[in-house]
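Below: the structure, in structure tokens.
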Amino acid sequence: MRKTLLFTGVLILACLFFTGLVFATGEKGAPEVSGPAAEKIIKVGFIYVGPIGDMGWTHAHNQARLMVEKLPWVETIYQESVPEGDTLSTIERMIQQEKCDVVFTTSFGFMDGTIDAARKFPNIIMAHASGFKRAPNVATYMADFYQVYYLNGLMAGALTKTGKIGYVGAFPIPEVKRHINAYTIGVREVNPDAEVHVRWIGAWFDPPAATEATMALIDEGCDVFAFTEDTSTVVEVAAKNGFPSFGHYSPMYDASPDYVVSGQLVHWDVFYLRFLGLVYSGILNSGNLENLDYWGLLREGDVELGAKPGMPVNPAWIGRLGDTHDLVLKRLEQMKNPQMVFDPFTGPLYDRKGNLVLPAGARADYLHLLTIEWAAKGVVGPWPNEP
Amino acid sequence: MELQTFIIDTLSRALAYGTPLLLGTLGEIYCERSGVLNLGVEGMMILGAFAGFVTTYATGNPFLGVLAAAIVGGSASMIHAFFSITIKTNIQVVSGLAITFFGLGLTGVLGRGWEGKPLDASLPIIGSPFLESIPVLGPIFSGQSVLVYISIGLALILWFILFKTSWGISIRSAGEDPEAADALGVNTSLVRYLCVLTGGVLAGIGGAYLSIDYRPSWTQGMTVGMGWIVIALTIFSFWNPLAALIGSYLFGSLFYLSFKLQPYLAPELLMIMPYLTTILALVLLNCSKTFRRRLGVPAALGLPYNREEK
Amino acid sequence: MGFRIEKNPAVPSRMVVFSFSVLSLFLASAVIGIIFLAYGINPIRAYTDVLSKTLGSFYGLSEIIRKSIPLLLCGAGLLLVFRTSFWNIGAEGQILMGALAATWAALFSNFPDFLLIPCLFLFGFIAGAVWGFIPTVLKSRFRISEVITTLMMNYIALYIVLFLIHGPWKGKTMRGFAYTDKFPASASLPLIGNTRIHWPTLIIALILVAAIYIILTRAKLGYEIKVISQSPKAGRYAGISYFKTVFWVMIISGGAAGLAGAGEVAGIHHLLRHPNQISMGYGYTAILVAWLARSNPVITIMTALLMAFIFVAGDTIQLSFGLPSQIVNVSTGLILFFLILSEGMMRYRISWKSKEG
């Protein structure tokens, strides 16, 4: 008896639910119908590797998306924390179910999935961040910080009293190694004897690990800090112990207005707006992206010096930088120059083992920078895969 | 002196990093001693971390933050208690995991917009010229947060209660042999409820320590698996609050050393170290006969108790 | 006046179990609907949208099946282990070791092409089984709780994979990024048509479920497991060695997780990448799959599909309505709460009486 009652109850609920479904489906079409004269709208999908909430890479892409969305002819959707193995299926969902015209895949790990998807949907425009595989409908793009790290290094060199500067790195991959090298080159230009001590935490996101790595560096005598990690942990830990630091990726000035000297800021919107503008006007289409490999530096405006937009150096620290402040501004102008009259990776450069890695007068080319494995003179600490 | 600085640095970080682990472990020890397995520590910790941060941010009072974290962690544990004690489901594992999923998810959803906000108020730090003048111990303990001291005190108190009082007997008998406890007039359900509540409150406070003191800010998923380490430490310390002190600080030291020693040992090797050492330490402990005898799991752990079933 | 909860003497029938479970899913959906409302989304429209894009679409269905494969393999294995009260929470690490061994077979072994895929699975199985076997040795020889060892070995497996992709196995074609090179085509599992379902793994998973069902109902091992699950003491009197049983069970369970790892790298990733991107928490979710199946291996097919559905539905909701991705975890938690509640309600009844019943 109880059983029958129960079963009937479930059945009734189920019926109610499905009636609701039918009703809702009937109602659904109405608001979405728009006049045939509607403007041409580009629907753009963003695929993120992490949550949009942290202060790192994904957050920066999402800030750019919000700016892109202000364009009247753009509509955007996004999916966060997408597993790398789900790249193809997420792109598929965006194209087939959500009808996207353009898809941005914003992490290196999405590379093969993006190329597979491009083959499956040859008419959809895609762009993949930080990768090196392209197709007629897939461009690649990247905004890189090495020049900004060099400028941060100049300031760190001027600020250190112990001659030891700390760097908390995520993973020993070329991107991070390039940044540490540029940073060290800057440090050594101002302070030829200073050392950059490196610790790896083996994660892009791990606040406790970043904390303990910073403390290990503090205990070793380091007194200025820079890092690669998706939160402002290093800035906060350094400030708590009274040491200056450089923000990474997002504006971190607010995390500690007294101790953040400067930092690196990214403006992915520069690329997104430019790219979508060209797509809108039809100059870029699904057949001519094979050779589009965008590499944004200070000159292009994709990256900025500072811990807060429009503030290259924290005014509280300008006095303590002395002459170095002028040097920083001079180098900044030189690198922003359309001819890029200065670049930190200019020979003669030796690695820390004493090998000549760049002959006098030569500038490191794009491929050299992308696959960099050597450690600059002045780097102290473990360096996996050192040549 | 080089060695002395090294030891001081390591132990002082062990206290700082080990405190949330200790708080969580103490709570879980009580929970499991009374016979309830709660795999929701990670969830309760992150709920505590978020509640603690938001409350401190809004009121400017870190103690209110800790209080809020305790309440939120305790409430979350009550869900588990209800399922495993009142409903008497024998799938305690699932309800604990559900709390972990729910806690991580809820704080991830509600935490939007709280990231990157600085916290002005912080918990008081204990330190005095007298304290600092004590050799070795002084520099280790001075400058630590008040919660570090509280957690050590709690470990002592909880050990005393568990092994030296009649309450302790009630708790242990509820976890060892609920039938016998019942016969002796112990209200097994009440005891278990209180122990699960202790676990939730302490896990919540552990979370608050992370977001208010250890690194004063909020980020989604900021407990990065500490709740799971707590589960392991509970067993590692043989369900003994004093051994929990050793376990938590040992793990904390190893974690710090995995960064400190990087110039001398490969980072990859060092990162495995805390986990490998935990296993190896247990292997060694078990080779010694004195410890072997103490290895009893609370006999009724994870089993619901039902009076009518007698 | 009070109420008391007492055990319902009747064992609930399948119909009752099924209807209670469905009912609890509906209730959970109703509560999740409140979250939608809080975001200003009409819940009915949200559910319509989700159902039409998951269960109502070929693409959605195929994704659900794809994600259920590793859950099914790990879940069925764990179900067997949990019957012996051996708390294996190490499926995550066992998946990774399976993935690692399969990667070795695909990239560095010289097996002829036609043998490569069987070898991938074989190596995956062995590596997972070894990783599952170690905790049983540590428990029988040193009496170390398997909760610690399996959990710690998850982390150890994670760092071993990290070490390999950053060090000796780093791909020459990857420009310094921490990935191995791509597998050769002969090491890639075939897919069903236009979907991403790697059917060899799916078939292995279904065979495994059938095998575990047979083990539990007909084999000697199944009999031993049953005796032990009722009372280890009784097992001892019956001459059954607890550890010997657990050895075999953990070899099956670890091996199954290893197979899942091999299937993931050979069927989906085609290379070895960051461990979290491969194991994806499947090892933990599989615990739920196993426990929700209530000790019947055939039910794991349903529970694995249910968990996979929650994942895919979560992705869909996020994309269609711009909700945070963590909504998936909130929903999982809520659904579990209601399922546990229903489990309890089924076995107990509340009688409204004034004392003494």
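Ordering of the structure tokens sets the chain letters (A, B, ...); residue numbers start at 1 within each chain; ligands are numbered from 1 in the order shown.
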
With 8 Å as the cut-off and only C-alpha atoms counted, what is the closest atom pair between each nearby residue of chain B and chain C? Distances in Å to one decimal, ordered by chain and number, as a Markdown table.
```
| residue | atom | partner | partner_atom | distance |
| --- | --- | --- | --- | --- |
| B:Phe83 | CA | C:Leu341 | CA | 7.2 |
| B:Ile87 | CA | C:Gly344 | CA | 5.4 |
| B:Lys88 | CA | C:Gly344 | CA | 6.9 |
| B:Thr89 | CA | C:Gly344 | CA | 5.6 |
| B:Ile91 | CA | C:Trp291 | CA | 7.0 |
| B:Val94 | CA | C:Leu288 | CA | 6.0 |
| B:Ser95 | CA | C:Phe337 | CA | 6.7 |
| B:Leu97 | CA | C:Leu288 | CA | 7.9 |
| B:Ala98 | CA | C:Gly333 | CA | 4.5 |
| B:Ile99 | CA | C:Gly333 | CA | 6.3 |
| B:Thr100 | CA | C:Gly333 | CA | 7.7 |
| B:Phe101 | CA | C:Asn329 | CA | 5.1 |
| B:Phe102 | CA | C:Gly333 | CA | 4.4 |
| B:Gly103 | CA | C:Val330 | CA | 7.4 |
| B:Leu104 | CA | C:Asn329 | CA | 6.9 |
| B:Gly105 | CA | C:Asn329 | CA | 4.5 |
| B:Leu106 | CA | C:Val330 | CA | 5.6 |
| B:Gly108 | CA | C:Gln326 | CA | 5.5 |
| B:Val109 | CA | C:Gln326 | CA | 5.9 |
| B:Trp228 | CA | C:Leu151 | CA | 7.8 |
| B:Ile231 | CA | C:Ile148 | CA | 7.8 |
| B:Ala232 | CA | C:Ile148 | CA | 4.8 |
| B:Leu233 | CA | C:Ile148 | CA | 7.9 |
| B:Ile235 | CA | C:Ile148 | CA | 7.1 |
| B:Phe236 | CA | C:Ile148 | CA | 7.5 |
| B:Glu268 | CA | C:Phe163 | CA | 5.7 |
| B:Met271 | CA | C:Tyr159 | CA | 7.1 |
| B:Ile272 | CA | C:Ile156 | CA | 5.6 |
| B:Tyr275 | CA | C:Met152 | CA | 5.3 |
| B:Leu276 | CA | C:Ile156 | CA | 7.1 |
| B:Thr278 | CA | C:Met152 | CA | 7.8 |
| B:Ile279 | CA | C:Thr149 | CA | 6.4 |
| B:Leu282 | CA | C:Ile144 | CA | 6.7 |
| B:Val283 | CA | C:Phe142 | CA | 6.0 |
| B:Asn286 | CA | C:Phe142 | CA | 5.7 |
| B:Cys287 | CA | C:Phe142 | CA | 7.2 |
| B:Leu295 | CA | C:Arg143 | CA | 7.8 |
| B:Glu308 | CA | C:Glu6 | CA | 7.7 |
```

Find the residues of chain A that sit at most 6 Å from chain B; for each, write down the nearest two atoms and how far apart they are in Å, to one decimal. Count only C-alpha atoms. Sort by chain, then by number going up, and give it as JSON lines.
```
{"residue": "A:Glu212", "atom": "CA", "partner": "B:Tyr256", "partner_atom": "CA", "distance": 5.6}
{"residue": "A:Ala213", "atom": "CA", "partner": "B:Phe259", "partner_atom": "CA", "distance": 5.3}
{"residue": "A:Ala216", "atom": "CA", "partner": "B:Lys260", "partner_atom": "CA", "distance": 5.0}
{"residue": "A:Ala255", "atom": "CA", "partner": "B:Pro118", "partner_atom": "CA", "distance": 5.2}
{"residue": "A:Gly381", "atom": "CA", "partner": "B:Pro263", "partner_atom": "CA", "distance": 4.9}
{"residue": "A:Pro382", "atom": "CA", "partner": "B:Pro263", "partner_atom": "CA", "distance": 5.5}
```

Check your understanding: Could you pull the residues within 8 Å of region 269-279 of chain A, counting only C-alpha atoms, minus those fewer than 6 positions along the same chain, as a ChimeraX atom specification?
Key -> /A:61,63-65,67-68,141,285,296,301-302

Based on the selection just made, write all heavy atoms of those residues as a CSV table (one decimal), in the first residue's frame.
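Result file again.csv:
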```csv
chain,number,residue,atom,x,y,z
A,61,HIS,N,42.2,37.5,-18.8
A,61,HIS,CA,41.5,37.3,-20.1
A,61,HIS,C,40.0,37.7,-19.9
A,61,HIS,O,39.4,38.2,-20.8
A,61,HIS,CB,41.6,35.8,-20.5
A,61,HIS,CG,42.9,35.5,-21.2
A,61,HIS,ND1,43.1,35.8,-22.5
A,61,HIS,CD2,44.1,35.0,-20.7
A,61,HIS,CE1,44.4,35.4,-22.8
A,61,HIS,NE2,45.0,34.9,-21.7
A,63,GLN,N,38.8,40.0,-17.8
A,63,GLN,CA,38.7,41.4,-17.8
A,63,GLN,C,38.6,41.9,-19.3
A,63,GLN,O,37.8,42.8,-19.6
A,63,GLN,CB,39.9,42.1,-17.1
A,63,GLN,CG,39.9,41.8,-15.6
A,63,GLN,CD,38.7,42.2,-14.9
A,63,GLN,OE1,37.9,41.4,-14.5
A,63,GLN,NE2,38.5,43.5,-14.8
A,64,ALA,N,39.5,41.4,-20.1
A,64,ALA,CA,39.5,41.8,-21.5
A,64,ALA,C,38.2,41.4,-22.2
A,64,ALA,O,37.6,42.2,-23.0
A,64,ALA,CB,40.6,41.1,-22.2
A,65,ARG,N,37.6,40.3,-21.8
A,65,ARG,CA,36.3,39.9,-22.4
A,65,ARG,C,35.2,40.9,-22.1
A,65,ARG,O,34.4,41.3,-22.9
A,65,ARG,CB,35.9,38.5,-21.9
A,65,ARG,CG,34.6,38.0,-22.5
A,65,ARG,CD,34.1,36.7,-21.9
A,65,ARG,NE,33.8,36.8,-20.5
A,65,ARG,CZ,32.5,37.2,-20.0
A,65,ARG,NH1,31.6,37.4,-20.9
A,65,ARG,NH2,32.3,37.3,-18.8
A,67,MET,N,35.6,44.0,-21.6
A,67,MET,CA,35.7,45.2,-22.4
A,67,MET,C,35.3,44.9,-23.8
A,67,MET,O,34.7,45.8,-24.5
A,67,MET,CB,37.2,45.6,-22.4
A,67,MET,CG,37.6,46.0,-21.0
A,67,MET,SD,39.3,46.6,-20.9
A,67,MET,CE,39.1,48.2,-21.8
A,68,VAL,N,35.6,43.7,-24.3
A,68,VAL,CA,35.2,43.4,-25.7
A,68,VAL,C,33.7,43.4,-25.8
A,68,VAL,O,33.1,43.9,-26.8
A,68,VAL,CB,35.7,42.0,-26.1
A,68,VAL,CG1,35.0,41.5,-27.3
A,68,VAL,CG2,37.2,42.0,-26.2
A,141,TYR,N,48.3,33.9,-30.6
A,141,TYR,CA,48.6,35.2,-30.0
A,141,TYR,C,49.2,35.1,-28.6
A,141,TYR,O,49.0,34.1,-28.0
A,141,TYR,CB,47.4,36.1,-30.0
A,141,TYR,CG,46.3,35.6,-29.1
A,141,TYR,CD1,46.0,36.1,-27.8
A,141,TYR,CD2,45.4,34.6,-29.5
A,141,TYR,CE1,45.0,35.6,-27.0
A,141,TYR,CE2,44.4,34.1,-28.8
A,141,TYR,CZ,44.2,34.6,-27.5
A,141,TYR,OH,43.2,34.1,-26.7
A,285,ASN,N,39.6,36.3,-42.1
A,285,ASN,CA,38.5,35.4,-42.3
A,285,ASN,C,39.1,34.0,-42.0
A,285,ASN,O,40.2,33.8,-41.7
A,285,ASN,CB,37.9,35.5,-43.7
A,285,ASN,CG,38.9,35.3,-44.8
A,285,ASN,OD1,39.7,34.4,-44.8
A,285,ASN,ND2,38.9,36.3,-45.6
A,296,GLY,N,52.6,40.3,-28.5
A,296,GLY,CA,52.5,41.6,-28.0
A,296,GLY,C,53.5,42.0,-26.9
A,296,GLY,O,53.6,41.2,-25.9
A,301,GLY,N,51.5,47.6,-26.7
A,301,GLY,CA,50.6,48.0,-25.7
A,301,GLY,C,49.8,46.9,-25.0
A,301,GLY,O,48.9,47.1,-24.2
A,302,ASP,N,50.2,45.6,-25.3
A,302,ASP,CA,49.6,44.5,-24.7
A,302,ASP,C,50.0,44.3,-23.2
A,302,ASP,O,49.3,43.7,-22.5
A,302,ASP,CB,49.9,43.2,-25.4
A,302,ASP,CG,49.3,43.2,-26.8
A,302,ASP,OD1,49.8,44.0,-27.7
A,302,ASP,OD2,48.3,42.6,-27.1
```

Mind dumping a table of every chain C residue within 7 Å of chain A, with the nearest atom pair and its distance in Å to one decimal, using only C-alpha atoms, sorted by chain and rising number, as CSV?
```
residue,atom,partner,partner_atom,distance
C:Val16,CA,A:Lys3,CA,6.4
C:Ser19,CA,A:Phe7,CA,6.1
C:Leu23,CA,A:Val10,CA,6.0
C:Ile44,CA,A:Ala24,CA,6.4
C:Arg45,CA,A:Ala24,CA,5.8
C:Thr48,CA,A:Leu21,CA,5.8
C:Gly167,CA,A:Asn385,CA,6.8
C:Arg175,CA,A:Thr371,CA,5.5
C:Gly176,CA,A:Pro174,CA,5.7
C:Phe177,CA,A:Ile173,CA,5.8
C:Ala178,CA,A:Ile173,CA,7.0
C:Ile268,CA,A:Gly85,CA,6.3
C:His269,CA,A:Gly85,CA,5.7
C:Gln277,CA,A:Pro83,CA,5.9
C:Gln318,CA,A:Gln79,CA,6.5
C:Leu319,CA,A:Gln79,CA,5.7
C:Ser325,CA,A:Glu80,CA,6.3
```

Point to revise | Distance query Gly207 (chain B) at most 6 Å, only C-alpha atoms, self and fewer than 5 positions along chain excluded, as a ChimeraX atom specification | key: /B:45-46,48-49

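DSSP annotation of region 246-286 of chain A from backbone atoms: helix (DSSP H, G or I) residues are A:Tyr253, A:Asp254, A:Ala255, A:Trp268, A:Asp269, A:Val270, A:Phe271, A:Tyr272, A:Leu273, A:Arg274, A:Phe275, A:Leu276, A:Gly277, A:Leu278, A:Val279, A:Tyr280.
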
Every residue of region 35-73 of chain A that DSSP places in strand (DSSP E or B), as a short mmCIF file (atom, residue, chain, number, x, y, z; two decimals) with all heavy atoms, in the first residue's frame:
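Result written to part07.cif:
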```cif
data_model
loop_
_atom_site.label_atom_id
_atom_site.label_comp_id
_atom_site.auth_asym_id
_atom_site.auth_seq_id
_atom_site.Cartn_x
_atom_site.Cartn_y
_atom_site.Cartn_z
N ILE A 42 28.62 39.39 -34.01
CA ILE A 42 29.61 38.32 -33.91
C ILE A 42 29.53 37.73 -32.52
O ILE A 42 29.63 38.45 -31.54
CB ILE A 42 31.03 38.86 -34.17
CG1 ILE A 42 31.13 39.41 -35.58
CG2 ILE A 42 32.08 37.78 -33.94
CD1 ILE A 42 32.51 39.90 -35.95
N LYS A 43 29.31 36.42 -32.46
CA LYS A 43 29.27 35.77 -31.15
C LYS A 43 30.62 35.13 -30.87
O LYS A 43 31.12 34.35 -31.67
CB LYS A 43 28.15 34.73 -31.09
CG LYS A 43 27.95 34.20 -29.69
CD LYS A 43 26.56 33.61 -29.49
CE LYS A 43 26.41 33.13 -28.05
NZ LYS A 43 25.15 32.45 -27.82
N VAL A 44 31.22 35.52 -29.75
CA VAL A 44 32.58 35.10 -29.43
C VAL A 44 32.58 34.22 -28.18
O VAL A 44 31.98 34.58 -27.17
CB VAL A 44 33.48 36.33 -29.18
CG1 VAL A 44 34.93 35.88 -29.01
CG2 VAL A 44 33.36 37.33 -30.30
N GLY A 45 33.25 33.08 -28.27
CA GLY A 45 33.38 32.20 -27.11
C GLY A 45 34.80 32.22 -26.57
O GLY A 45 35.75 32.19 -27.34
N PHE A 46 34.90 32.30 -25.25
CA PHE A 46 36.22 32.26 -24.60
C PHE A 46 36.33 30.98 -23.78
O PHE A 46 35.45 30.68 -22.98
CB PHE A 46 36.41 33.46 -23.65
CG PHE A 46 36.59 34.77 -24.36
CD1 PHE A 46 35.49 35.46 -24.85
CD2 PHE A 46 37.84 35.33 -24.52
CE1 PHE A 46 35.63 36.67 -25.50
CE2 PHE A 46 38.01 36.55 -25.16
CZ PHE A 46 36.90 37.23 -25.66
N ILE A 47 37.42 30.27 -23.95
CA ILE A 47 37.65 29.05 -23.17
C ILE A 47 38.81 29.30 -22.22
O ILE A 47 39.93 29.58 -22.66
CB ILE A 47 37.92 27.85 -24.09
CG1 ILE A 47 36.71 27.66 -25.00
CG2 ILE A 47 38.22 26.61 -23.28
CD1 ILE A 47 36.80 26.44 -25.87
#
```

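The neighbours of Ala182 (chain A) here are the residues that come within 8 Å of it, using only C-alpha atoms and leaving out any residue fewer than 4 positions away in the same chain; they are A:Tyr146, A:Gln147, A:Tyr149, A:Tyr150, A:Gly153, A:Arg178, A:Gly186, A:Pro344, A:Phe345.
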
Review point. Skipping near chain neighbours, those fewer than 6 positions away, what residues fall within 7 Å of Asp351 (chain A) using only C-alpha atoms, listed as an NGL selection string?
Key: :A and (357 or 374-377)

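We find CA of Gly96 (chain B) and CA of Pro232 (chain C) to be spaced 25.1 Å apart.
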
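Interatomic distance, CA of Gly200 (chain B) against CA of Ile29 (chain B): 11.3 Å.
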
Review point. In Å, how far is it from CA of Gly175 (chain B) to CA of Leu79 (chain C)?
Key: 25.1 Å

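Restricting the calculation to only C-alpha atoms, the smallest distance between Ile197 (chain C) and any of C:Val130, C:Leu115, C:Leu78, C:Leu61 is found for C:Leu61.
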
**Study point:** Neighbour list for Trp131 (chain C) as an MDAnalysis selection string, cut-off 10 Å, only C-alpha atoms, skip fewer than 6 positions in-chain
**Key:** chainID C and resid 90:91 93:98 125 150 153:154 157 250:251 254:255 257:258
